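Enquirer: The structure under discussion is supplied below as structure tokens; questions concerning it will follow.
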Amino acid sequence: MRKPNRAVRSKARLDLLDTIRSLLLFGSLLLSLVAAEAWVWLSLIGFVLIAPTYGVKGIHLLRVRHSAAHPDNTP
């Protein structure tokens with residue numbers, strides 16, 4: 001995450017958030033099945049992190065596609 005390129009740092013942060021979300025979601029579901037129902041709230045946090053993570057990744061993907069399709073309009 002210490003690369004000079006801002007886009008690379010942003011992508012690394014999103015990938016890290018996606019990994020944390022997955023660990024929260026699947027780890028808490030496994031714990032709730034094995035241990036008790038007290039771990040279900042962790043899976044809810046994982047579900048809450050799904051939408052913003054994929055939303056931001058989608059916006060970045062659309063920006064890249066738009067700049068590739070219209071190279072004259074890039075700032």
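Each chain in the structure tokens gets a letter, A, B, ..., in the order shown, and its residues are numbered from 1; ligands are numbered from 1 in order too.
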Just the residues within 8 Å of segment 38-52 of chain A, please, counting only C-alpha atoms, with nothing from its chain fewer than 2 positions along; format it as a list in words.
Expert: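 In the requested format, the answer is Asp18, Arg21, Ser22, Leu23, Leu24, Leu25, Phe26, Gly27, Ser28, Leu29, Leu31, Ser32, Ala36, Tyr54, Gly55 and Val56 of chain A.
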Enquirer: Take the residues from that selection and put them in a file with N, CA and C atoms, as a compact mmCIF listing (two decimals), in the first residue's frame.
Expert:
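Produced file again_12.txt, reproduced below:
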```txt
# COMPACT_ATOMS: atom_id res chain seq x y z
N ASP A 18 -12.31 -6.21 1.08
CA ASP A 18 -13.04 -7.38 0.57
C ASP A 18 -12.61 -8.64 1.31
N ARG A 21 -14.08 -8.53 4.84
CA ARG A 21 -15.51 -8.80 4.76
C ARG A 21 -15.76 -10.30 4.61
N SER A 22 -15.01 -10.93 3.74
CA SER A 22 -15.19 -12.37 3.53
C SER A 22 -14.87 -13.16 4.78
N LEU A 23 -13.78 -12.79 5.45
CA LEU A 23 -13.42 -13.48 6.70
C LEU A 23 -14.50 -13.30 7.76
N LEU A 24 -15.02 -12.08 7.89
CA LEU A 24 -16.09 -11.85 8.86
C LEU A 24 -17.32 -12.67 8.54
N LEU A 25 -17.70 -12.66 7.28
CA LEU A 25 -18.93 -13.34 6.88
C LEU A 25 -18.82 -14.85 7.06
N PHE A 26 -17.83 -15.46 6.43
CA PHE A 26 -17.74 -16.91 6.45
C PHE A 26 -17.23 -17.45 7.79
N GLY A 27 -16.30 -16.71 8.42
CA GLY A 27 -15.82 -17.14 9.72
C GLY A 27 -16.91 -17.11 10.78
N SER A 28 -17.72 -16.07 10.76
CA SER A 28 -18.80 -15.99 11.75
C SER A 28 -19.90 -17.01 11.48
N LEU A 29 -20.17 -17.28 10.22
CA LEU A 29 -21.16 -18.32 9.91
C LEU A 29 -20.67 -19.68 10.40
N LEU A 31 -18.49 -20.19 12.87
CA LEU A 31 -18.53 -20.17 14.33
C LEU A 31 -19.95 -20.30 14.87
N SER A 32 -20.90 -19.71 14.19
CA SER A 32 -22.28 -19.82 14.67
C SER A 32 -22.81 -21.24 14.51
N ALA A 36 -22.07 -21.40 18.84
CA ALA A 36 -23.36 -20.94 19.35
C ALA A 36 -23.90 -19.85 18.43
N TYR A 54 -18.49 -3.60 -3.05
CA TYR A 54 -18.75 -3.87 -4.46
C TYR A 54 -19.20 -2.61 -5.20
N GLY A 55 -19.86 -1.69 -4.50
CA GLY A 55 -20.24 -0.43 -5.13
C GLY A 55 -19.03 0.39 -5.53
N VAL A 56 -18.07 0.52 -4.63
CA VAL A 56 -16.86 1.30 -4.93
C VAL A 56 -16.03 0.60 -5.99
```
Enquirer: So that I can see what lies close to Ile59 of chain A, please list as an MDAnalysis selection string the residues with an atom at most 12 Å from it, counting only C-alpha atoms and leaving out residues fewer than 6 positions away in the same chain.
Expert: chainID A and resid 11 14 52:53 65:66
Enquirer: Find the spatial neighbours of Arg13 of chain A, counting only C-alpha atoms, within a cut-off of 12 Å - ignore same-chain residues fewer than 3 positions away - and output them as a ChimeraX atom specification.
Expert: /A:1-3,6-10,16-20,53,56-57
